[in-house]
Amino acid sequence: MYFVKTPWWLRSVYPSLTWKIPTKENQVFLTFDDGPHKTITPFVLNTLKKYNAKATFFCIGKNVESNPAIVKQILNEGHSIGNHTYNHLNGWKTNNEVYLKDVMKAKEVIHSKLFRPPYGRIRRYQIQHIQKSFDIIMWGVLSGDFDVSLSPQQCLQYVVENTKPGSVVVFHDSEKAFSRLEYVLPKALQYFHEKGWKCKQIEFA
């Protein structure tokens with residue numbers, strides 16, 4: 001089970017995490033989890049470029065080590081990156097010490113103060129320790145592109161109906177998501193363009 005739109009009560013349980021980005025302008029914040037991937041991430045980058053859109057890529061450490069040139073391309077094109085653990089660990093199912101070591105292992109190859117827990121699943125103990133080094137970025141809108149039971153059209157509807165200025169929106173540059181992402185991303189970017197909304201990367205000092 002997952003929430004397409006993050007409910008207020010969940011945000012209130014973890015108020016120290018970032019669920020949306022305060023903005024006085026019409027900006028939305030697109031994020032991509034689980035890459036970089038050798039062919040899918042370049043597709044995302046090319047699509048973003050067509051709309052002069054920026055985004056944040058929450059990368060898995062082992063994928064960064066396999067695709068260093070793509071990480072360089074992400075940064076050279078003005079996007080930002082974040083830590084998504086080294087092995088895509090579920091914080092609810094992983095020993096705290098093992099989880100924290102995995103995050104720090106990813107930190108060695110992902111030079112960013114941004115962190116997103118895989119699956120959005122993280123324990124309070126893990127939060128307390130990770131926040132010593134990172135800003136933990138969650139989301140307000142989940143595209144559902146990872147869900148094989150959804151049609152591409154449903155994913156697009158989720159994004160269009162729930163995204164507002166300041167929203168943090170999640171997509172995945174992964175093989176599992178690609179058949180939906182390939183359809184949704186260009187159409188979502190066109191929708192934001194028509195609304196006059198700019199897509200920006202997340203940057204924290």
# chains A, B, ... in the order shown; residues from 1 in each chain; ligands from 1
call {"tool": "select_by_dssp", "arguments": {"residues": "chain A", "states": "helix (DSSP H, G or I)", "output": "mmCIF file with N, CA and C atoms, in the first residue's frame"}}
result
data_model
loop_
_atom_site.group_PDB
_atom_site.id
_atom_site.type_symbol
_atom_site.label_atom_id
_atom_site.label_comp_id
_atom_site.auth_asym_id
_atom_site.auth_seq_id
_atom_site.Cartn_x
_atom_site.Cartn_y
_atom_site.Cartn_z
ATOM 1 N N TRP A 8 -1.786 14.597 5.339
ATOM 2 C CA TRP A 8 -1.301 15.564 6.322
ATOM 3 C C TRP A 8 -0.837 14.886 7.603
ATOM 4 N N TRP A 9 -1.551 13.837 7.996
ATOM 5 C CA TRP A 9 -1.234 13.217 9.283
ATOM 6 C C TRP A 9 0.126 12.517 9.242
ATOM 7 N N LEU A 10 0.513 11.998 8.076
ATOM 8 C CA LEU A 10 1.825 11.368 7.961
ATOM 9 C C LEU A 10 2.921 12.428 8.020
ATOM 10 N N ARG A 11 2.679 13.556 7.370
ATOM 11 C CA ARG A 11 3.652 14.647 7.436
ATOM 12 C C ARG A 11 3.801 15.141 8.872
ATOM 13 N N SER A 12 2.695 15.131 9.625
ATOM 14 C CA SER A 12 2.744 15.634 11.001
ATOM 15 C C SER A 12 3.472 14.681 11.942
ATOM 16 N N VAL A 13 3.518 13.397 11.598
ATOM 17 C CA VAL A 13 4.231 12.416 12.421
ATOM 18 C C VAL A 13 5.742 12.630 12.317
ATOM 19 N N ILE A 40 18.012 4.588 -19.317
ATOM 20 C CA ILE A 40 16.803 5.281 -18.865
ATOM 21 C C ILE A 40 17.123 6.680 -18.340
ATOM 22 N N THR A 41 18.202 6.819 -17.574
ATOM 23 C CA THR A 41 18.563 8.151 -17.069
ATOM 24 C C THR A 41 18.888 9.114 -18.206
ATOM 25 N N PRO A 42 19.626 8.700 -19.242
ATOM 26 C CA PRO A 42 19.803 9.612 -20.387
ATOM 27 C C PRO A 42 18.480 9.997 -21.059
ATOM 28 N N PHE A 43 17.526 9.076 -21.129
ATOM 29 C CA PHE A 43 16.194 9.422 -21.651
ATOM 30 C C PHE A 43 15.570 10.529 -20.806
ATOM 31 N N VAL A 44 15.649 10.379 -19.489
ATOM 32 C CA VAL A 44 15.091 11.386 -18.585
ATOM 33 C C VAL A 44 15.782 12.730 -18.808
ATOM 34 N N LEU A 45 17.101 12.714 -18.879
ATOM 35 C CA LEU A 45 17.854 13.954 -19.050
ATOM 36 C C LEU A 45 17.498 14.646 -20.366
ATOM 37 N N ASN A 46 17.390 13.877 -21.422
ATOM 38 C CA ASN A 46 17.026 14.457 -22.721
ATOM 39 C C ASN A 46 15.622 15.051 -22.704
ATOM 40 N N THR A 47 14.706 14.371 -22.017
ATOM 41 C CA THR A 47 13.327 14.859 -21.929
ATOM 42 C C THR A 47 13.260 16.135 -21.101
ATOM 43 N N LEU A 48 13.977 16.158 -19.990
ATOM 44 C CA LEU A 48 14.016 17.368 -19.164
ATOM 45 C C LEU A 48 14.581 18.551 -19.947
ATOM 46 N N LYS A 49 15.618 18.290 -20.731
ATOM 47 C CA LYS A 49 16.271 19.361 -21.483
ATOM 48 C C LYS A 49 15.307 20.016 -22.474
ATOM 49 N N LYS A 50 14.436 19.225 -23.070
ATOM 50 C CA LYS A 50 13.470 19.758 -24.043
ATOM 51 C C LYS A 50 12.553 20.809 -23.422
ATOM 52 N N GLY A 61 23.966 3.940 -4.488
ATOM 53 C CA GLY A 61 25.425 3.977 -4.545
ATOM 54 C C GLY A 61 26.048 3.004 -5.529
ATOM 55 N N LYS A 62 25.568 1.767 -5.540
ATOM 56 C CA LYS A 62 26.159 0.772 -6.441
ATOM 57 C C LYS A 62 25.900 1.129 -7.901
ATOM 58 N N ASN A 63 24.783 1.809 -8.182
ATOM 59 C CA ASN A 63 24.508 2.242 -9.555
ATOM 60 C C ASN A 63 25.393 3.413 -9.958
ATOM 61 N N VAL A 64 25.723 4.258 -8.998
ATOM 62 C CA VAL A 64 26.645 5.363 -9.250
ATOM 63 C C VAL A 64 28.015 4.813 -9.638
ATOM 64 N N GLU A 65 28.472 3.798 -8.928
ATOM 65 C CA GLU A 65 29.779 3.210 -9.233
ATOM 66 C C GLU A 65 29.791 2.554 -10.607
ATOM 67 N N SER A 66 28.639 2.052 -11.054
ATOM 68 C CA SER A 66 28.553 1.400 -12.366
ATOM 69 C C SER A 66 28.391 2.403 -13.509
ATOM 70 N N PRO A 68 29.416 6.114 -13.668
ATOM 71 C CA PRO A 68 29.944 7.420 -13.239
ATOM 72 C C PRO A 68 29.770 8.511 -14.286
ATOM 73 N N ALA A 69 29.815 8.159 -15.564
ATOM 74 C CA ALA A 69 29.682 9.176 -16.613
ATOM 75 C C ALA A 69 28.293 9.786 -16.609
ATOM 76 N N ILE A 70 27.288 8.979 -16.262
ATOM 77 C CA ILE A 70 25.920 9.500 -16.244
ATOM 78 C C ILE A 70 25.730 10.441 -15.059
ATOM 79 N N VAL A 71 26.349 10.120 -13.927
ATOM 80 C CA VAL A 71 26.281 11.026 -12.779
ATOM 81 C C VAL A 71 26.912 12.367 -13.147
ATOM 82 N N LYS A 72 28.026 12.316 -13.841
ATOM 83 C CA LYS A 72 28.693 13.545 -14.287
ATOM 84 C C LYS A 72 27.780 14.336 -15.213
ATOM 85 N N GLN A 73 27.070 13.640 -16.102
ATOM 86 C CA GLN A 73 26.144 14.306 -17.018
ATOM 87 C C GLN A 73 25.005 14.971 -16.251
ATOM 88 N N ILE A 74 24.462 14.269 -15.242
ATOM 89 C CA ILE A 74 23.391 14.834 -14.416
ATOM 90 C C ILE A 74 23.831 16.178 -13.843
ATOM 91 N N LEU A 75 25.020 16.197 -13.264
ATOM 92 C CA LEU A 75 25.512 17.412 -12.613
ATOM 93 C C LEU A 75 25.873 18.492 -13.632
ATOM 94 N N ASN A 76 26.490 18.095 -14.740
ATOM 95 C CA ASN A 76 26.879 19.065 -15.768
ATOM 96 C C ASN A 76 25.678 19.768 -16.384
ATOM 97 N N ASN A 96 19.527 -1.295 12.300
ATOM 98 C CA ASN A 96 19.913 0.118 12.284
ATOM 99 C C ASN A 96 21.378 0.327 11.912
ATOM 100 N N GLU A 97 22.257 -0.451 12.524
ATOM 101 C CA GLU A 97 23.695 -0.284 12.258
ATOM 102 C C GLU A 97 24.022 -0.600 10.804
ATOM 103 N N VAL A 98 23.417 -1.663 10.287
ATOM 104 C CA VAL A 98 23.636 -2.042 8.886
ATOM 105 C C VAL A 98 23.130 -0.943 7.954
ATOM 106 N N TYR A 99 21.961 -0.408 8.270
ATOM 107 C CA TYR A 99 21.353 0.637 7.436
ATOM 108 C C TYR A 99 22.235 1.888 7.407
ATOM 109 N N LEU A 100 22.660 2.328 8.575
ATOM 110 C CA LEU A 100 23.452 3.549 8.652
ATOM 111 C C LEU A 100 24.812 3.384 7.965
ATOM 112 N N LYS A 101 25.405 2.212 8.076
ATOM 113 C CA LYS A 101 26.673 1.952 7.381
ATOM 114 C C LYS A 101 26.472 1.992 5.872
ATOM 115 N N ASP A 102 25.324 1.491 5.412
ATOM 116 C CA ASP A 102 25.027 1.485 3.979
ATOM 117 C C ASP A 102 24.859 2.914 3.456
ATOM 118 N N VAL A 103 24.207 3.753 4.244
ATOM 119 C CA VAL A 103 24.046 5.160 3.864
ATOM 120 C C VAL A 103 25.408 5.840 3.748
ATOM 121 N N MET A 104 26.276 5.578 4.721
ATOM 122 C CA MET A 104 27.591 6.219 4.714
ATOM 123 C C MET A 104 28.490 5.658 3.610
ATOM 124 N N LYS A 105 28.281 4.416 3.245
ATOM 125 C CA LYS A 105 29.013 3.853 2.108
ATOM 126 C C LYS A 105 28.611 4.566 0.825
ATOM 127 N N ALA A 106 27.309 4.833 0.691
ATOM 128 C CA ALA A 106 26.837 5.582 -0.480
ATOM 129 C C ALA A 106 27.385 7.005 -0.475
ATOM 130 N N LYS A 107 27.558 7.575 0.703
ATOM 131 C CA LYS A 107 28.065 8.947 0.829
ATOM 132 C C LYS A 107 29.456 9.087 0.228
ATOM 133 N N PRO A 118 14.835 4.641 0.630
ATOM 134 C CA PRO A 118 14.099 3.779 -0.302
ATOM 135 C C PRO A 118 12.749 3.363 0.281
ATOM 136 N N TYR A 119 11.746 3.341 -0.560
ATOM 137 C CA TYR A 119 10.365 2.996 -0.193
ATOM 138 C C TYR A 119 9.743 4.010 0.772
ATOM 139 N N GLY A 120 10.503 5.048 1.149
ATOM 140 C CA GLY A 120 10.031 5.993 2.151
ATOM 141 C C GLY A 120 9.982 5.394 3.545
ATOM 142 N N ARG A 124 12.702 6.001 13.350
ATOM 143 C CA ARG A 124 13.069 7.232 14.055
ATOM 144 C C ARG A 124 14.551 7.250 14.434
ATOM 145 N N TYR A 125 15.072 6.126 14.865
ATOM 146 C CA TYR A 125 16.494 6.063 15.232
ATOM 147 C C TYR A 125 17.358 6.395 14.020
ATOM 148 N N GLN A 126 17.010 5.846 12.874
ATOM 149 C CA GLN A 126 17.760 6.094 11.644
ATOM 150 C C GLN A 126 17.664 7.569 11.256
ATOM 151 N N ILE A 127 16.468 8.141 11.394
ATOM 152 C CA ILE A 127 16.278 9.562 11.094
ATOM 153 C C ILE A 127 17.199 10.424 11.948
ATOM 154 N N GLN A 128 17.217 10.154 13.249
ATOM 155 C CA GLN A 128 18.011 10.967 14.172
ATOM 156 C C GLN A 128 19.484 10.982 13.792
ATOM 157 N N HIS A 129 19.996 9.851 13.370
ATOM 158 C CA HIS A 129 21.424 9.769 13.027
ATOM 159 C C HIS A 129 21.701 10.320 11.634
ATOM 160 N N ILE A 130 20.821 10.047 10.682
ATOM 161 C CA ILE A 130 21.043 10.518 9.314
ATOM 162 C C ILE A 130 20.942 12.039 9.233
ATOM 163 N N PRO A 152 -0.055 3.624 -17.801
ATOM 164 C CA PRO A 152 0.629 4.916 -17.913
ATOM 165 C C PRO A 152 -0.330 6.089 -17.749
ATOM 166 N N GLN A 153 -1.538 5.927 -18.256
ATOM 167 C CA GLN A 153 -2.529 7.003 -18.160
ATOM 168 C C GLN A 153 -2.923 7.277 -16.704
ATOM 169 N N GLN A 154 -3.018 6.221 -15.905
ATOM 170 C CA GLN A 154 -3.334 6.408 -14.485
ATOM 171 C C GLN A 154 -2.217 7.165 -13.774
ATOM 172 N N CYS A 155 -0.982 6.822 -14.097
ATOM 173 C CA CYS A 155 0.165 7.502 -13.474
ATOM 174 C C CYS A 155 0.156 8.985 -13.815
ATOM 175 N N LEU A 156 -0.118 9.290 -15.066
ATOM 176 C CA LEU A 156 -0.180 10.694 -15.473
ATOM 177 C C LEU A 156 -1.285 11.415 -14.719
ATOM 178 N N GLN A 157 -2.418 10.772 -14.587
ATOM 179 C CA GLN A 157 -3.542 11.366 -13.858
ATOM 180 C C GLN A 157 -3.155 11.655 -12.408
ATOM 181 N N TYR A 158 -2.453 10.718 -11.766
ATOM 182 C CA TYR A 158 -2.000 10.935 -10.390
ATOM 183 C C TYR A 158 -1.162 12.204 -10.292
ATOM 184 N N VAL A 159 -0.232 12.373 -11.228
ATOM 185 C CA VAL A 159 0.676 13.513 -11.185
ATOM 186 C C VAL A 159 -0.077 14.812 -11.441
ATOM 187 N N VAL A 160 -0.870 14.837 -12.486
ATOM 188 C CA VAL A 160 -1.571 16.057 -12.882
ATOM 189 C C VAL A 160 -2.578 16.506 -11.815
ATOM 190 N N GLU A 161 -3.296 15.570 -11.239
ATOM 191 C CA GLU A 161 -4.345 15.933 -10.289
ATOM 192 C C GLU A 161 -3.810 16.363 -8.926
ATOM 193 N N ASN A 162 -2.609 15.926 -8.576
ATOM 194 C CA ASN A 162 -2.124 16.153 -7.213
ATOM 195 C C ASN A 162 -0.977 17.141 -7.087
ATOM 196 N N PHE A 178 9.972 2.013 -16.398
ATOM 197 C CA PHE A 178 10.174 2.726 -17.652
ATOM 198 C C PHE A 178 8.970 2.721 -18.592
ATOM 199 N N SER A 179 8.231 1.624 -18.665
ATOM 200 C CA SER A 179 7.100 1.575 -19.600
ATOM 201 C C SER A 179 6.049 2.616 -19.246
ATOM 202 N N ARG A 180 5.983 3.014 -17.993
ATOM 203 C CA ARG A 180 5.058 4.073 -17.577
ATOM 204 C C ARG A 180 5.756 5.443 -17.622
ATOM 205 N N LEU A 181 6.981 5.502 -17.159
ATOM 206 C CA LEU A 181 7.728 6.760 -17.154
ATOM 207 C C LEU A 181 7.856 7.342 -18.564
ATOM 208 N N GLU A 182 8.116 6.506 -19.530
ATOM 209 C CA GLU A 182 8.310 6.942 -20.905
ATOM 210 C C GLU A 182 7.087 7.699 -21.423
ATOM 211 N N TYR A 183 5.913 7.289 -20.979
ATOM 212 C CA TYR A 183 4.659 7.949 -21.368
ATOM 213 C C TYR A 183 4.393 9.184 -20.508
ATOM 214 N N VAL A 184 4.579 9.042 -19.206
ATOM 215 C CA VAL A 184 4.151 10.070 -18.260
ATOM 216 C C VAL A 184 5.033 11.312 -18.302
ATOM 217 N N LEU A 185 6.339 11.129 -18.311
ATOM 218 C CA LEU A 185 7.233 12.269 -18.119
ATOM 219 C C LEU A 185 7.050 13.364 -19.170
ATOM 220 N N PRO A 186 7.069 13.056 -20.465
ATOM 221 C CA PRO A 186 6.890 14.142 -21.436
ATOM 222 C C PRO A 186 5.539 14.849 -21.293
ATOM 223 N N LYS A 187 4.495 14.090 -21.028
ATOM 224 C CA LYS A 187 3.168 14.685 -20.914
ATOM 225 C C LYS A 187 3.040 15.517 -19.630
ATOM 226 N N ALA A 188 3.655 15.069 -18.560
ATOM 227 C CA ALA A 188 3.641 15.855 -17.318
ATOM 228 C C ALA A 188 4.412 17.155 -17.498
ATOM 229 N N LEU A 189 5.560 17.079 -18.159
ATOM 230 C CA LEU A 189 6.353 18.284 -18.392
ATOM 231 C C LEU A 189 5.601 19.269 -19.287
ATOM 232 N N GLN A 190 4.892 18.752 -20.275
ATOM 233 C CA GLN A 190 4.095 19.616 -21.137
ATOM 234 C C GLN A 190 2.977 20.286 -20.342
ATOM 235 N N TYR A 191 2.354 19.528 -19.443
ATOM 236 C CA TYR A 191 1.300 20.076 -18.585
ATOM 237 C C TYR A 191 1.849 21.192 -17.702
ATOM 238 N N PHE A 192 2.998 20.963 -17.067
ATOM 239 C CA PHE A 192 3.595 21.988 -16.203
ATOM 240 C C PHE A 192 3.954 23.224 -17.020
ATOM 241 N N HIS A 193 4.467 23.002 -18.231
ATOM 242 C CA HIS A 193 4.831 24.109 -19.110
ATOM 243 C C HIS A 193 3.606 24.964 -19.443
ATOM 244 N N GLU A 194 2.529 24.309 -19.753
ATOM 245 C CA GLU A 194 1.295 25.033 -20.094
ATOM 246 C C GLU A 194 0.719 25.789 -18.900
ATOM 247 N N LYS A 195 0.967 25.273 -17.705
ATOM 248 C CA LYS A 195 0.508 25.946 -16.485
ATOM 249 C C LYS A 195 1.423 27.114 -16.102
#
call {"tool": "residues_around", "arguments": {"residues": "Trp92 in chain A", "least_positions_apart": "4", "cutoff": "8 Å", "atoms": "only C-alpha atoms", "output": "VMD selection string"}}
result
chain A and resid 121 to 123
call {"tool": "write_last_selection", "arguments": {"atoms": "C-alpha atoms", "output": "PDB file, in the first residue's frame"}}
result
ATOM      1  CA  ARG A 121      10.575   3.539   4.994  1.00  0.00           C
ATOM      2  CA  ILE A 122      12.820   4.717   7.770  1.00  0.00           C
ATOM      3  CA  ARG A 123      12.858   4.386  11.576  1.00  0.00           C
TER       4      ARG A 123
END
call {"tool": "closest_residue", "arguments": {"among": "A:Thr163, A:Asn90, A:Thr39, A:Ser80", "to": "Ser143 in chain A", "atoms": "only C-alpha atoms"}}
result
A:Thr163
call {"tool": "atom_distance", "arguments": {"atom1": "CA of Trp139 in chain A", "atom2": "CA of Ile110 in chain A"}}
result
20.2 Å
call {"tool": "residues_around", "arguments": {"residues": "Val169 in chain A", "least_positions_apart": "6", "cutoff": "10 Å", "atoms": "only C-alpha atoms", "output": "number ranges by chain"}}
result
A: 4-5, 19-20, 28-32, 55, 138-143, 159, 162-163
call {"tool": "write_last_selection", "arguments": {"atoms": "C-alpha atoms", "output": "PDB file, in the first residue's frame"}}
result
ATOM      1  CA  VAL A   4      -0.347   8.866  -4.179  1.00  0.00           C
ATOM      2  CA  LYS A   5      -0.685  12.118  -2.241  1.00  0.00           C
ATOM      3  CA  TRP A  19       7.677  16.876   2.321  1.00  0.00           C
ATOM      4  CA  LYS A  20       7.353  19.971   0.144  1.00  0.00           C
ATOM      5  CA  VAL A  28       7.531  22.129  -8.730  1.00  0.00           C
ATOM      6  CA  PHE A  29      10.317  19.787  -7.749  1.00  0.00           C
ATOM      7  CA  LEU A  30      10.686  16.611  -9.791  1.00  0.00           C
ATOM      8  CA  THR A  31      12.740  13.776  -8.333  1.00  0.00           C
ATOM      9  CA  PHE A  32      13.931  10.479  -9.798  1.00  0.00           C
ATOM     10  CA  ALA A  55      15.320  17.776 -11.281  1.00  0.00           C
ATOM     11  CA  MET A 138      10.380  12.799   1.229  1.00  0.00           C
ATOM     12  CA  TRP A 139       7.586  13.786  -1.194  1.00  0.00           C
ATOM     13  CA  GLY A 140       4.066  15.034  -1.636  1.00  0.00           C
ATOM     14  CA  VAL A 141       3.141  13.246  -4.865  1.00  0.00           C
ATOM     15  CA  LEU A 142       3.982   9.693  -5.931  1.00  0.00           C
ATOM     16  CA  SER A 143       3.568   9.021  -9.644  1.00  0.00           C
ATOM     17  CA  VAL A 159       0.676  13.513 -11.185  1.00  0.00           C
ATOM     18  CA  ASN A 162      -2.124  16.153  -7.213  1.00  0.00           C
ATOM     19  CA  THR A 163       0.851  18.352  -8.099  1.00  0.00           C
TER      20      THR A 163
END
call {"tool": "select_by_dssp", "arguments": {"residues": "range 11-50 of chain A", "states": "strand (DSSP E)", "output": "PyMOL selection string"}}
result
chain A and resi 27-33
call {"tool": "write_last_selection", "arguments": {"atoms": "C-alpha atoms", "output": "PDB file, in the first residue's frame"}}
result
ATOM      1  CA  GLN A  27       7.767  25.906  -9.049  1.00  0.00           C
ATOM      2  CA  VAL A  28       7.531  22.129  -8.730  1.00  0.00           C
ATOM      3  CA  PHE A  29      10.317  19.787  -7.749  1.00  0.00           C
ATOM      4  CA  LEU A  30      10.686  16.611  -9.791  1.00  0.00           C
ATOM      5  CA  THR A  31      12.740  13.776  -8.333  1.00  0.00           C
ATOM      6  CA  PHE A  32      13.931  10.479  -9.798  1.00  0.00           C
ATOM      7  CA  ASP A  33      14.789   7.494  -7.612  1.00  0.00           C
TER       8      ASP A  33
END
call {"tool": "atom_distance", "arguments": {"atom1": "CA of Asp147 in chain A", "atom2": "CA of Phe58 in chain A"}}
result
18.5 Å
